Every structure is written in structure tokens, then in C-alpha cells.
file target.tsv (TSV, C-alpha atoms)
chain	number	residue	atom	x	y	z
K	1	VAL	CA	3.36	20.22	-5.29
K	2	ASP	CA	2.55	20.42	-8.97
K	3	ASN	CA	2.68	16.96	-10.57
K	4	PHE	CA	5.23	18.10	-13.11
K	5	TRP	CA	7.80	19.18	-10.53
K	6	VAL	CA	7.70	15.85	-8.74
K	7	THR	CA	9.08	14.20	-11.89
K	8	THR	CA	12.06	16.53	-12.22
K	9	THR	CA	15.42	15.92	-10.62
K	10	LEU	CA	15.36	19.14	-8.64
K	11	GLY	CA	14.06	17.92	-5.29
K	12	TYR	CA	14.17	20.01	-2.15
K	13	ASP	CA	17.02	20.51	0.30
K	14	LYS	CA	19.07	17.82	-1.52
K	15	LYS	CA	16.22	15.33	-1.12
K	16	PRO	CA	14.35	13.94	-4.12
K	17	LEU	CA	10.60	14.45	-4.34
K	18	GLN	CA	8.34	11.40	-4.60
K	19	SER	CA	4.78	11.19	-5.80
K	20	VAL	CA	2.58	9.30	-3.36
K	21	SER	CA	0.33	8.36	-6.28
K	22	ARG	CA	3.04	6.01	-7.55
K	23	GLY	CA	2.88	2.48	-6.26
K	24	ASP	CA	6.65	2.22	-5.87
K	25	ALA	CA	6.98	5.30	-3.63
K	26	ASP	CA	8.98	4.32	-0.54
K	27	LEU	CA	7.06	5.61	2.45
K	28	SER	CA	8.69	3.32	5.01
K	29	ALA	CA	10.31	6.23	6.87
K	30	ILE	CA	6.88	7.65	7.71
K	31	PRO	CA	5.45	6.06	10.86
K	32	LEU	CA	2.00	4.49	10.55
K	33	LYS	CA	-0.78	6.19	12.49
K	34	ASP	CA	-1.82	2.81	13.89
K	35	ALA	CA	-1.14	-0.86	13.39
K	36	ALA	CA	-3.97	-1.40	10.89
K	37	ALA	CA	-1.62	-1.37	7.90
K	38	THR	CA	0.84	-3.77	9.52
K	39	PRO	CA	0.76	-7.10	7.67
K	40	ARG	CA	-0.89	-9.91	9.60
K	41	PRO	CA	-0.19	-13.64	9.08
K	42	GLU	CA	-3.71	-14.28	7.77
K	43	ASP	CA	-3.25	-11.61	5.09
K	44	ALA	CA	-0.85	-13.85	3.14
K	45	ALA	CA	-3.56	-16.48	2.72
K	46	ILE	CA	-6.04	-13.86	1.52
K	47	ALA	CA	-3.62	-12.18	-0.86
K	48	GLY	CA	-2.82	-14.96	-3.30
K	49	SER	CA	-6.27	-15.99	-4.44
K	50	LEU	CA	-7.83	-12.52	-4.19
K	51	VAL	CA	-5.11	-10.77	-6.20
K	52	GLY	CA	-5.40	-13.40	-8.93
K	53	GLU	CA	-9.19	-13.18	-9.08
K	54	LEU	CA	-9.15	-9.36	-9.15
K	55	LYS	CA	-6.60	-9.38	-11.98
K	56	ARG	CA	-8.75	-11.83	-13.93
K	57	CYS	CA	-11.95	-9.89	-13.37
K	58	LEU	CA	-10.62	-6.34	-13.90
K	59	ASN	CA	-7.91	-7.07	-16.48
K	60	GLU	CA	-9.24	-4.62	-19.06
K	61	ALA	CA	-9.24	-1.70	-16.63
K	62	ILE	CA	-6.09	-2.07	-14.52
K	63	GLY	CA	-2.44	-2.82	-15.05
K	64	ASP	CA	-1.96	-4.90	-11.91
K	65	VAL	CA	-3.27	-5.56	-8.41
K	66	VAL	CA	-0.83	-4.87	-5.60
K	67	VAL	CA	-1.11	-5.36	-1.85
K	68	SER	CA	-0.79	-2.11	0.07
K	69	LYS	CA	1.70	-1.44	2.81
K	70	ARG	CA	0.34	2.03	3.46
K	71	LEU	CA	-3.46	2.09	3.29
K	72	VAL	CA	-5.14	2.23	6.69
K	73	ASP	CA	-8.72	3.46	6.32
K	74	SER	CA	-9.39	2.88	2.61
K	75	PRO	CA	-10.08	-0.49	1.04
K	76	ALA	CA	-8.27	0.41	-2.19
K	77	CYS	CA	-6.71	3.16	-4.25
K	78	LEU	CA	-5.29	3.63	-7.71
K	79	VAL	CA	-1.55	4.10	-8.11
K	80	ALA	CA	0.71	4.65	-11.07
K	81	PRO	CA	2.83	1.72	-12.17
K	82	GLY	CA	6.50	2.01	-11.26
K	83	ASP	CA	7.60	2.77	-14.81
K	84	GLY	CA	4.87	5.32	-15.59
K	85	PRO	CA	4.17	8.94	-14.74
K	86	ASP	CA	2.36	9.78	-11.53
K	87	ARG	CA	-1.45	9.70	-11.65
K	88	GLY	CA	-1.93	13.46	-11.73
K	89	LEU	CA	0.61	14.00	-14.50
K	90	GLU	CA	-0.91	11.17	-16.55
K	91	ARG	CA	-4.37	12.80	-16.26
K	92	LEU	CA	-2.92	16.17	-17.27
K	93	LEU	CA	-1.12	14.69	-20.28
K	94	SER	CA	-4.22	12.69	-21.29
K	95	ARG	CA	-6.30	15.86	-21.43
K	96	GLN	CA	-3.79	17.13	-23.98
K	97	ASP	CA	-3.83	13.81	-25.89
K	98	GLN	CA	-0.24	13.15	-24.78
K	99	GLY	CA	-0.92	10.50	-22.13
K	100	THR	CA	0.97	7.23	-22.07
K	101	GLY	CA	-2.22	5.17	-21.93
K	102	MET	CA	-0.77	3.11	-19.09
K	103	LEU	CA	-3.41	1.54	-16.90
K	104	PRO	CA	-3.20	2.28	-13.18
K	105	ASN	CA	-2.57	-0.41	-10.59
K	106	LEU	CA	-5.23	-1.20	-8.03
K	107	GLU	CA	-3.68	-1.16	-4.55
K	108	ILE	CA	-5.73	-3.12	-2.01
K	109	ASN	CA	-5.76	-3.02	1.79
K	110	LEU	CA	-5.98	-6.63	3.00
K	111	GLY	CA	-6.88	-5.49	6.51
K	112	HIS	CA	-10.02	-3.63	5.39
K	113	PRO	CA	-13.39	-5.38	5.98
K	114	VAL	CA	-14.53	-4.67	2.40
K	115	VAL	CA	-11.47	-6.40	0.95
K	116	GLN	CA	-11.80	-9.30	3.40
K	117	ALA	CA	-15.44	-9.77	2.35
K	118	LEU	CA	-14.34	-9.66	-1.29
K	119	ALA	CA	-11.73	-12.34	-0.54
K	120	ARG	CA	-14.48	-14.60	0.87
K	121	LEU	CA	-16.57	-13.98	-2.25
K	122	ALA	CA	-13.61	-14.89	-4.48
K	123	LYS	CA	-13.77	-18.41	-3.01
K	124	SER	CA	-17.54	-18.72	-3.39
K	125	ALA	CA	-19.50	-20.15	-6.28
K	126	ASP	CA	-21.22	-16.83	-7.01
K	127	GLN	CA	-18.72	-15.27	-9.40
K	128	SER	CA	-21.26	-12.73	-10.67
K	129	GLU	CA	-21.50	-11.22	-7.19
K	130	PHE	CA	-17.70	-11.22	-6.91
K	131	ALA	CA	-17.43	-9.42	-10.26
K	132	ASP	CA	-20.01	-6.82	-9.22
K	133	ARG	CA	-18.21	-6.13	-5.95
K	134	ALA	CA	-14.77	-6.06	-7.62
K	135	TRP	CA	-15.97	-3.46	-10.12
K	136	LEU	CA	-17.60	-1.47	-7.31
K	137	LEU	CA	-14.26	-1.49	-5.46
K	138	LEU	CA	-12.46	-0.25	-8.59
K	139	ASP	CA	-15.08	2.41	-9.36
K	140	GLY	CA	-14.94	3.56	-5.73
K	141	ALA	CA	-11.16	3.96	-6.04
K	142	ARG	CA	-11.67	5.93	-9.27
K	143	ILE	CA	-14.19	8.24	-7.58
K	144	VAL	CA	-11.84	8.89	-4.66
K	145	ASP	CA	-9.09	9.58	-7.22
K	146	GLY	CA	-11.26	12.28	-8.79
K	147	GLU	CA	-12.39	10.27	-11.80
K	148	PRO	CA	-15.89	9.10	-12.73
K	149	PRO	CA	-16.81	5.41	-12.69
K	150	PHE	CA	-16.08	3.63	-15.97
K	151	SER	CA	-19.80	3.56	-16.72
K	152	ALA	CA	-22.32	5.40	-14.55
K	153	VAL	CA	-25.09	3.07	-15.74
K	154	LYS	CA	-23.17	-0.12	-14.91
K	155	PHE	CA	-22.02	1.39	-11.61
K	156	ALA	CA	-25.65	2.09	-10.63
K	157	GLU	CA	-26.75	-1.39	-11.77
K	158	ARG	CA	-24.00	-3.09	-9.75
K	159	LEU	CA	-24.70	-0.95	-6.70
K	160	ASN	CA	-28.43	-1.69	-6.90
K	161	ARG	CA	-27.78	-5.46	-7.20
K	162	ALA	CA	-25.41	-5.32	-4.20
K	163	LEU	CA	-27.95	-3.41	-2.13
K	164	ALA	CA	-30.72	-5.83	-3.08
K	165	ARG	CA	-28.53	-8.86	-2.18
K	166	ASP	CA	-27.61	-7.30	1.16
K	167	ALA	CA	-31.27	-6.50	1.91
K	168	GLU	CA	-32.20	-10.16	1.30
K	169	ARG	CA	-29.62	-11.43	3.84

call {"tool": "encode", "arguments": {"input": "target.tsv", "output": "C-alpha cells"}}
result
Amino acid sequence: VDNFWVTTTLGYDKKPLQSVSRGDADLSAIPLKDAAATPRPEDAAIAGSLVGELKRCLNEAIGDVVVSKRLVDSPACLVAPGDGPDRGLERLLSRQDQGTGMLPNLEINLGHPVVQALARLAKSADQSEFADRAWLLLDGARIVDGEPPFSAVKFAERLNRALARDAER
């Protein structure tokens, strides 16, 4: 459905339309394909420190970091803040120099191995590696969302450092 029509009050069959690219979209009536997105007790311990560290590290590029209740296979995605237009409409308006300039929220999947590894790094002394991996997570979410990384050069540098670190282990 065209991004514009989702924002109107028309709906379909007396039901309002919702954009799934908005972080506040209520998708609770849709059954999960498996239990991977079901919150686990250990996720609460991960969430607090990781969310805070991601906000600190990525503050210039995102509005907020939110814990996902819907991601299953992806480590993260970008969503529109609750008071802003959906992601597609914002991109369309920005191309016409009419965008709101609101930063997207980074929605993270605490059950994903990449996010769990990032949570372990957040507690380590190597904050440069955490920053590299946090920016790679954000740039990966941007790429999946159809946008380029913030900086192709920095993306390649971070990716190369991560690959070199992993090869040394």
C-alpha cells in the first residue's frame, strides 16, 4: 500500500491501516512464526546496559533504541518514531525537501546472536570494537531498509577491522 494512504483515515473495511515501519504499530494480533521473538528472562538483563550503550554510541544517527517484540530473523531494523511519519513517507518527503528530519529508531532483537554478542562487547573494555560493531549493526539496518550506509568509506573500514579481529581469534 502506498505510504501516503497508510497515513489517511480511510482504512479498509472499517479497519484502520497501520504502517509496519512505525515502531508503535500494534502487531500483537498476528501470531509469531516461532518462539524466537518471545521475550526470555535473560533478555531483561541484556536490554538495560545494551540499549544505553547503543544510544550513547549512535546518538547522532538515531532517535532512540527500542527492544523489538516482532523481529525474529533480523538483528535490527529501523522504525519511525511514534509521533513521526512512516519510514517510506519520510523518505518520499525528504526527496522533495519536505521531510521532518526526524531520526529513525533502531529496533533491536535481543534474541539474535549478533545482538547478544554486541551486549557482551558493551560490557568489555574494548569500546572501540563495540562502537565499530554498533555502527555496523546500524548500517546493516539502513541497507536492509533500502538506504546506503552513512559513509561507505567508514562502513568498509569498520567491516575490515571486524573481519581482521575475527580472523585473529

call {"tool": "atom_distance", "arguments": {"input": "target.tsv", "atom1": "CA of Arg95 in chain K", "atom2": "CA of Asp64 in chain K"}}
result
23.2 Å

call {"tool": "residues_around", "arguments": {"input": "target.tsv", "residues": "Arg161 in chain K", "least_positions_apart": "6", "cutoff": "10 Å", "atoms": "all atoms listed in the file", "output": "list in words"}}
result
Glu129, Asp132, Arg133, Phe155 and Ala167 of chain K

call {"tool": "write_last_selection", "arguments": {"input": "target.tsv", "atoms": "C-alpha atoms", "output": "PDB file, keeping the file's coordinate frame"}}
result
ATOM      1  CA  GLU K 129     -21.500 -11.220  -7.190  1.00  0.00           C
ATOM      2  CA  ASP K 132     -20.010  -6.820  -9.220  1.00  0.00           C
ATOM      3  CA  ARG K 133     -18.210  -6.130  -5.950  1.00  0.00           C
ATOM      4  CA  PHE K 155     -22.020   1.390 -11.610  1.00  0.00           C
ATOM      5  CA  ALA K 167     -31.270  -6.500   1.910  1.00  0.00           C
TER       6      ALA K 167
END

call {"tool": "closest_residue", "arguments": {"input": "target.tsv", "among": "K:Ile46, K:Leu136, K:Ala141, K:Leu118", "to": "Leu163 in chain K", "atoms": "all atoms listed in the file"}}
result
K:Leu136

call {"tool": "residues_near_point", "arguments": {"input": "target.tsv", "point": "(-7.7, 6.1, 2.5)", "cutoff": "12 Å", "atoms": "only C-alpha atoms", "output": "list in words"}}
result
Ala36, Ala37, Ser68, Arg70, Leu71, Val72, Asp73, Ser74, Pro75, Ala76, Cys77, Leu78, Glu107, Ile108, Asn109, His112, Gly140, Ala141, Val144 and Asp145 of chain K

call {"tool": "atom_distance", "arguments": {"input": "target.tsv", "atom1": "CA of Ser151 in chain K", "atom2": "CA of Asp139 in chain K"}}
result
8.8 Å

call {"tool": "closest_residue", "arguments": {"input": "target.tsv", "among": "K:Phe150, K:Ile143, K:Gly111, K:Val67", "to": "Ala47 in chain K", "atoms": "all atoms listed in the file"}}
result
K:Val67

call {"tool": "residues_around", "arguments": {"input": "target.tsv", "residues": "range 53-62 of chain K", "least_positions_apart": "2", "cutoff": "9 Å", "atoms": "all atoms listed in the file", "output": "ChimeraX atom specification"}}
result
/K:48-51,64-65,78,102-106,119,122,130-131,134-135,138,150

call {"tool": "atom_distance", "arguments": {"input": "target.tsv", "atom1": "CA of Gly146 in chain K", "atom2": "CA of Arg91 in chain K"}}
result
10.2 Å

call {"tool": "closest_residue", "arguments": {"input": "target.tsv", "among": "K:Ala125, K:Val79, K:Leu159, K:Leu110", "to": "Gly63 in chain K", "atoms": "only C-alpha atoms"}}
result
K:Val79
